[in-house]
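K.L.:
The file below is input.cif, mmCIF, C-alpha atoms:
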data_model
loop_
_atom_site.label_atom_id
_atom_site.label_comp_id
_atom_site.auth_asym_id
_atom_site.auth_seq_id
_atom_site.Cartn_x
_atom_site.Cartn_y
_atom_site.Cartn_z
CA MET A 1 35.51 33.30 4.67
CA SER A 2 33.21 30.96 2.85
CA ARG A 3 32.83 32.07 -0.75
CA ILE A 4 29.48 30.31 -0.99
CA GLY A 5 28.20 31.20 2.47
CA LYS A 6 28.61 34.96 2.10
CA LYS A 7 26.45 35.21 -1.05
CA PRO A 8 22.86 36.35 -0.43
CA ILE A 9 19.96 34.20 -1.63
CA ASN A 10 17.37 35.99 -3.77
CA VAL A 11 13.82 34.86 -3.01
CA PRO A 12 11.54 34.96 -6.09
CA SER A 13 7.96 36.15 -5.89
CA GLY A 14 5.49 33.45 -4.92
CA VAL A 15 7.90 31.87 -2.42
CA ASN A 16 7.13 32.29 1.28
CA ILE A 17 9.82 32.05 3.97
CA LYS A 18 9.11 31.16 7.59
CA LEU A 19 12.17 31.61 9.77
CA ASP A 20 12.40 30.32 13.37
CA ASP A 21 15.72 31.37 14.93
CA ARG A 22 15.09 29.68 18.28
CA ALA A 23 14.60 26.26 16.68
CA ARG A 24 17.25 27.02 14.01
CA SER A 25 14.82 26.05 11.25
CA ILE A 26 13.51 27.55 8.05
CA GLY A 27 10.36 26.66 6.14
CA VAL A 28 10.08 27.44 2.44
CA SER A 29 6.80 27.13 0.56
CA GLY A 30 6.00 27.84 -3.06
CA PRO A 31 4.05 26.59 -6.06
CA LYS A 32 5.98 23.28 -6.26
CA GLY A 33 5.71 22.31 -2.58
CA ASP A 34 6.83 22.93 0.99
CA LEU A 35 10.25 22.14 2.47
CA LYS A 36 11.76 22.51 5.94
CA PHE A 37 15.39 22.52 7.07
CA GLU A 38 17.13 22.72 10.46
CA TRP A 39 20.67 24.07 10.42
CA VAL A 40 23.49 23.42 12.88
CA GLU A 41 24.33 25.60 15.86
CA GLY A 42 26.71 28.46 15.18
CA VAL A 43 25.23 29.55 11.85
CA SER A 44 22.73 32.40 11.81
CA VAL A 45 20.20 32.97 9.03
CA ASN A 46 18.50 36.33 8.45
CA PHE A 47 15.65 37.14 6.08
CA ASP A 48 15.18 40.70 4.83
CA GLU A 49 11.54 40.95 3.77
CA GLY A 50 12.05 44.30 2.04
CA ASP A 51 14.81 43.12 -0.31
CA LYS A 52 13.50 39.51 -0.37
CA LYS A 53 16.99 38.17 0.41
CA ILE A 54 18.28 35.54 2.81
CA GLN A 55 21.75 36.01 4.30
CA CYS A 56 23.70 33.34 6.21
CA SER A 57 26.55 34.24 8.56
CA ILE A 58 28.73 32.97 11.39
CA PRO A 59 30.26 34.97 14.27
CA GLU A 60 33.68 36.61 13.73
CA SER A 61 35.13 34.37 16.46
CA ASP A 62 34.27 31.24 14.42
CA MET A 63 35.87 32.43 11.15
CA GLY A 64 39.06 30.51 11.98
CA ARG A 65 37.25 27.21 12.53
CA ARG A 66 37.14 25.13 9.38
CA ASP A 67 34.08 23.11 10.44
CA GLN A 68 32.05 26.27 11.09
CA ARG A 69 32.96 27.70 7.68
CA ALA A 70 31.93 24.40 6.09
CA HIS A 71 28.57 24.44 7.90
CA TRP A 72 28.10 28.04 6.81
CA GLY A 73 28.49 27.22 3.10
CA THR A 74 26.45 24.03 3.38
CA THR A 75 23.58 25.80 5.13
CA ARG A 76 23.49 28.48 2.45
CA ALA A 77 23.58 25.89 -0.37
CA ARG A 78 20.78 23.83 1.21
CA ILE A 79 18.55 26.89 1.60
CA GLN A 80 19.30 27.95 -1.99
CA ASN A 81 18.30 24.47 -3.21
CA MET A 82 15.07 24.70 -1.20
CA VAL A 83 14.17 28.08 -2.73
CA THR A 84 14.95 26.82 -6.24
CA GLY A 85 13.04 23.58 -5.62
CA VAL A 86 9.78 25.16 -4.46
CA SER A 87 9.84 27.74 -7.27
CA GLU A 88 11.17 25.76 -10.28
CA GLY A 89 11.60 22.16 -9.13
CA PHE A 90 14.33 19.66 -9.99
CA VAL A 91 14.33 17.08 -12.80
CA LYS A 92 16.39 13.94 -13.41
CA LYS A 93 15.91 11.86 -16.56
CA LEU A 94 16.91 8.22 -16.96
CA ASN A 95 17.04 6.04 -20.07
CA ILE A 96 16.66 2.26 -19.97
CA VAL A 97 18.78 0.63 -22.68
CA GLY A 98 18.31 -3.09 -23.31
CA VAL A 99 16.19 -5.40 -25.43
CA GLY A 100 12.87 -6.04 -23.72
CA TRP A 101 13.73 -3.86 -20.75
CA ASN A 102 11.02 -1.46 -19.59
CA ALA A 103 9.47 0.39 -16.69
CA LYS A 104 5.84 0.73 -15.60
CA LEU A 105 3.99 2.81 -13.04
CA GLN A 106 1.69 0.91 -10.70
CA GLY A 107 0.09 3.48 -8.45
CA LYS A 108 2.96 5.04 -6.48
CA ASN A 109 5.37 2.23 -7.34
CA VAL A 110 7.80 1.97 -10.25
CA GLN A 111 8.15 -1.55 -11.65
CA LEU A 112 11.36 -2.28 -13.56
CA ASN A 113 11.79 -5.24 -15.90
CA ILE A 114 15.50 -5.08 -16.60
CA GLY A 115 16.71 -8.56 -17.43
CA TYR A 116 16.30 -10.24 -14.06
CA CYS A 117 14.02 -13.24 -13.56
CA HIS A 118 11.67 -11.07 -11.50
CA PRO A 119 10.42 -7.49 -11.77
CA ILE A 120 11.83 -4.93 -9.33
CA ASP A 121 9.30 -2.77 -7.47
CA LEU A 122 10.43 0.56 -6.04
CA GLN A 123 8.22 2.79 -3.93
CA THR A 124 8.30 6.45 -4.94
CA PRO A 125 9.39 8.69 -2.03
CA GLU A 126 7.13 11.42 -0.66
CA GLY A 127 7.26 14.59 -2.77
CA VAL A 128 8.72 12.89 -5.85
CA GLN A 129 6.77 12.32 -9.07
CA VAL A 130 7.73 9.85 -11.80
CA GLU A 131 6.61 9.93 -15.43
CA ILE A 132 7.40 7.21 -17.94
CA GLU A 133 7.59 7.75 -21.70
CA ASN A 134 7.75 4.89 -24.22
CA ASN A 135 8.32 2.38 -21.37
CA ASN A 136 12.05 3.16 -21.34
CA ARG A 137 12.45 6.83 -20.39
CA LEU A 138 11.86 7.94 -16.80
CA THR A 139 11.46 11.57 -15.74
CA ILE A 140 11.78 12.13 -11.99
CA THR A 141 10.63 15.52 -10.68
CA GLY A 142 10.21 17.11 -7.26
CA ALA A 143 10.96 20.09 -5.05
CA ASP A 144 13.59 18.37 -2.87
CA LYS A 145 16.89 18.10 -4.76
CA HIS A 146 18.21 15.38 -2.47
CA ALA A 147 15.10 13.19 -2.77
CA VAL A 148 15.00 13.49 -6.58
CA GLY A 149 18.71 12.72 -6.97
CA GLN A 150 18.65 9.88 -4.45
CA PHE A 151 15.67 8.16 -6.08
CA ALA A 152 17.28 8.50 -9.53
CA ALA A 153 20.49 6.98 -8.13
CA VAL A 154 18.56 4.08 -6.54
CA ILE A 155 16.89 3.30 -9.88
CA ARG A 156 20.19 3.56 -11.78
CA ASP A 157 21.91 1.31 -9.23
CA LYS A 158 19.53 -1.56 -10.02
CA ARG A 159 21.24 -2.02 -13.41
CA ARG A 160 24.30 0.14 -13.93
CA PRO A 161 25.47 0.64 -17.52
CA GLU A 162 28.06 -1.87 -18.61
CA PRO A 163 30.81 -0.97 -21.09
CA TYR A 164 30.74 -4.00 -23.41
CA ASN A 165 27.18 -3.99 -24.77
CA GLY A 166 26.13 -0.55 -23.51
CA LYS A 167 23.07 -1.92 -21.71
CA GLY A 168 21.81 -0.54 -18.43
CA ILE A 169 20.05 2.44 -16.90
CA LEU A 170 21.73 5.72 -17.84
CA TYR A 171 21.23 9.34 -16.89
CA ASP A 172 20.09 11.47 -19.82
CA GLY A 173 23.20 12.73 -21.60
CA GLU A 174 25.52 10.22 -19.88
CA VAL A 175 28.13 8.74 -22.20
CA ILE A 176 29.38 5.22 -21.58
CA ILE A 177 32.90 4.57 -22.84
CA ARG A 178 32.66 1.30 -24.71
CA LYS A 179 35.31 -1.40 -24.39
CA GLN A 180 36.50 -3.84 -26.99
CA GLY A 181 35.63 -7.44 -26.16
CA LYS A 182 38.14 -10.28 -26.25
CA VAL A 183 39.18 -11.48 -29.69
CA PHE A 184 39.57 -15.25 -29.99
CA GLY A 185 41.81 -17.02 -32.48
CA ALA A 186 43.59 -13.97 -33.80
#
In structure tokens, write the structure found in this file.
P.N.:
Amino acid sequence: MSRIGKKPINVPSGVNIKLDDRARSIGVSGPKGDLKFEWVEGVSVNFDEGDKKIQCSIPESDMGRRDQRAHWGTTRARIQNMVTGVSEGFVKKLNIVGVGWNAKLQGKNVQLNIGYCHPIDLQTPEGVQVEIENNNRLTITGADKHAVGQFAAVIRDKRRPEPYNGKGILYDGEVIIRKQGKVFGA
């Protein structure tokens, strides 16, 4: 059995669930936004409106199949992330470390000046908001965990932290292990 898949999902107040078994899709709406997800065939999702709980399951005949158990746990985790996203939201914070390096918002685009001869413009995905503090601290928020994490990873990938000078774009709380440079004439 899937340890993750068998756990029920508690739905907080203010979150609406729209379940369509024929299309194998679920729609979740709440104060932070609306999300939709289509799960794979073989997994069934049930919503108990009285207890406000969502339960995922697979048929007894598929318990021996590893791929079905994996889909079961993944479906449950994705739905849990949707419920958490529309009720609380997800946040990723990035720090830009480097002399003269900064970030600016230009409409929906994020412009990064990070040591290249040209600024880098990145378009913010749908459903993701970006705030910039002190030109070097980005806060990325949104209801979709995947979109928030992916956009943060795209920004970080433009200038990964390097271990010699410690410059780069870092996640908040990330520690870069510094390396000793070469010593000449010793």
K.L.:
Which one is closest to Val28 of chain A: A:Val128, A:Ile176, A:Met82, A:Ile54? Count all atoms listed in the file.
P.N.:
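Distance minimum relative to Val28 of chain A lands on A:Met82.
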K.L.:
Taking only C-alpha atoms into account, which of A:Ser57, A:Gln123, A:Ile96, A:Asp144 comes nearest Arg69 of chain A?
P.N.:
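Of A:Ser57, A:Gln123, A:Ile96, A:Asp144, the one nearest Arg69 of chain A is A:Ser57, counting only C-alpha atoms.
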K.L.:
If you measure from atom CA of Gly27 of chain A to atom CA of Glu126 of chain A, what distance in Å do you get, rounded to one decimal?
P.N.:
17.0 Å
K.L.:
Starting from the PyMOL selection byres ((chain A and resi 31-36) around 8), expand the selection into actual residues of this file and give them as a compact mmCIF listing (two decimals) with C-alpha atoms, in the coordinates of the input.
P.N.:
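Below you can see expr-v4.txt, which holds the result:
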# COMPACT_ATOMS: atom_id res chain seq x y z
CA GLY A 14 5.49 33.45 -4.92
CA VAL A 15 7.90 31.87 -2.42
CA SER A 25 14.82 26.05 11.25
CA ILE A 26 13.51 27.55 8.05
CA GLY A 27 10.36 26.66 6.14
CA VAL A 28 10.08 27.44 2.44
CA SER A 29 6.80 27.13 0.56
CA GLY A 30 6.00 27.84 -3.06
CA PHE A 37 15.39 22.52 7.07
CA GLU A 38 17.13 22.72 10.46
CA MET A 82 15.07 24.70 -1.20
CA GLY A 85 13.04 23.58 -5.62
CA VAL A 86 9.78 25.16 -4.46
CA SER A 87 9.84 27.74 -7.27
CA GLU A 88 11.17 25.76 -10.28
CA GLY A 89 11.60 22.16 -9.13
CA GLY A 127 7.26 14.59 -2.77
CA GLY A 142 10.21 17.11 -7.26
CA ALA A 143 10.96 20.09 -5.05
CA ASP A 144 13.59 18.37 -2.87
K.L.:
I want to know what sits within 9 Å of Arg159 of chain A, based on all atoms listed in the file, with residues of the same chain fewer than 3 positions away left out; could you give that as a list in words?
P.N.:
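The residues that qualify are Ile114, Gly115, Ile155, Arg156, Glu162, Lys167, Gly168, Ile169 and Leu170 of chain A.
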K.L.:
Can you work out which one of A:Tyr164, A:Trp39, A:Phe90, A:Phe47 has the shortest atom-to-atom distance to Pro8 of chain A, counting all atoms listed in the file?
P.N.:
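The closest residue to Pro8 of chain A is A:Phe47.
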K.L.:
Just want the 12 Å neighbourhood of Lys7 of chain A, counted on only C-alpha atoms, with same-chain residues fewer than 2 positions away dropped. Output as a count of residues only.
P.N.:
19
K.L.:
What is the distance between atom CA of Arg22 of chain A and atom CA of Val40 of chain A, in Å to one decimal?
P.N.:
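We find that atom CA of Arg22 of chain A and atom CA of Val40 of chain A lie 11.8 Å from each other.
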K.L.:
So which residues get picked by the PyMOL selection byres ((chain A and resi 180) around 12) here, written as a list in words?
P.N.:
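In the shown coordinates, the PyMOL selection byres ((chain A and resi 180) around 12) covers Pro163, Tyr164, Asn165, Gly166, Ile177, Arg178, Lys179, Gly181, Lys182 and Val183 of chain A.
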K.L.:
Keeping only C-alpha atoms, take the residues you just selected and write them out as a PDB file, in the frame of the given file.
P.N.:
ATOM      1  CA  PRO A 163      30.810  -0.970 -21.090  1.00  0.00           C
ATOM      2  CA  TYR A 164      30.740  -4.000 -23.410  1.00  0.00           C
ATOM      3  CA  ASN A 165      27.180  -3.990 -24.770  1.00  0.00           C
ATOM      4  CA  GLY A 166      26.130  -0.550 -23.510  1.00  0.00           C
ATOM      5  CA  ILE A 177      32.900   4.570 -22.840  1.00  0.00           C
ATOM      6  CA  ARG A 178      32.660   1.300 -24.710  1.00  0.00           C
ATOM      7  CA  LYS A 179      35.310  -1.400 -24.390  1.00  0.00           C
ATOM      8  CA  GLY A 181      35.630  -7.440 -26.160  1.00  0.00           C
ATOM      9  CA  LYS A 182      38.140 -10.280 -26.250  1.00  0.00           C
ATOM     10  CA  VAL A 183      39.180 -11.480 -29.690  1.00  0.00           C
TER      11      VAL A 183
END
K.L.:
When distances are computed from only C-alpha atoms, which of A:Asn135, A:Ser61, A:Lys145, A:Asp51 shows the smallest separation from Val83 of chain A?
P.N.:
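The closest residue to Val83 of chain A is A:Lys145.
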K.L.:
For a quick check of understanding, using all atoms listed in the file, which of A:Lys92, A:Lys104, A:Lys6, A:His71 has the smallest distance to Tyr171 of chain A?
P.N.:
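With all atoms listed in the file as the atom set, the closest residue is A:Lys92.
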K.L.:
Nearest to Cys117 of chain A: which of A:Asn95, A:Arg137, A:Trp101, A:Val130 is it, counting only C-alpha atoms?
P.N.:
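Smallest separation from Cys117 of chain A among the options: A:Trp101.
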K.L.:
What does the distance between atom CA of Val99 of chain A and atom CA of Ala153 of chain A come to in Å, to one decimal place?
P.N.:
21.7 Å
K.L.:
Would you place a box with edges along x, y and z of the file around all atoms of segment 109-125 of chain A listed there, add 6 Å to each of its six sides, and report the centre and edge lengths in Å to one decimal, as AutoDock Vina command-line options?
P.N.:
--center_x 11.0 --center_y -2.3 --center_z -9.7 --size_x 23.3 --size_y 33.9 --size_z 27.4
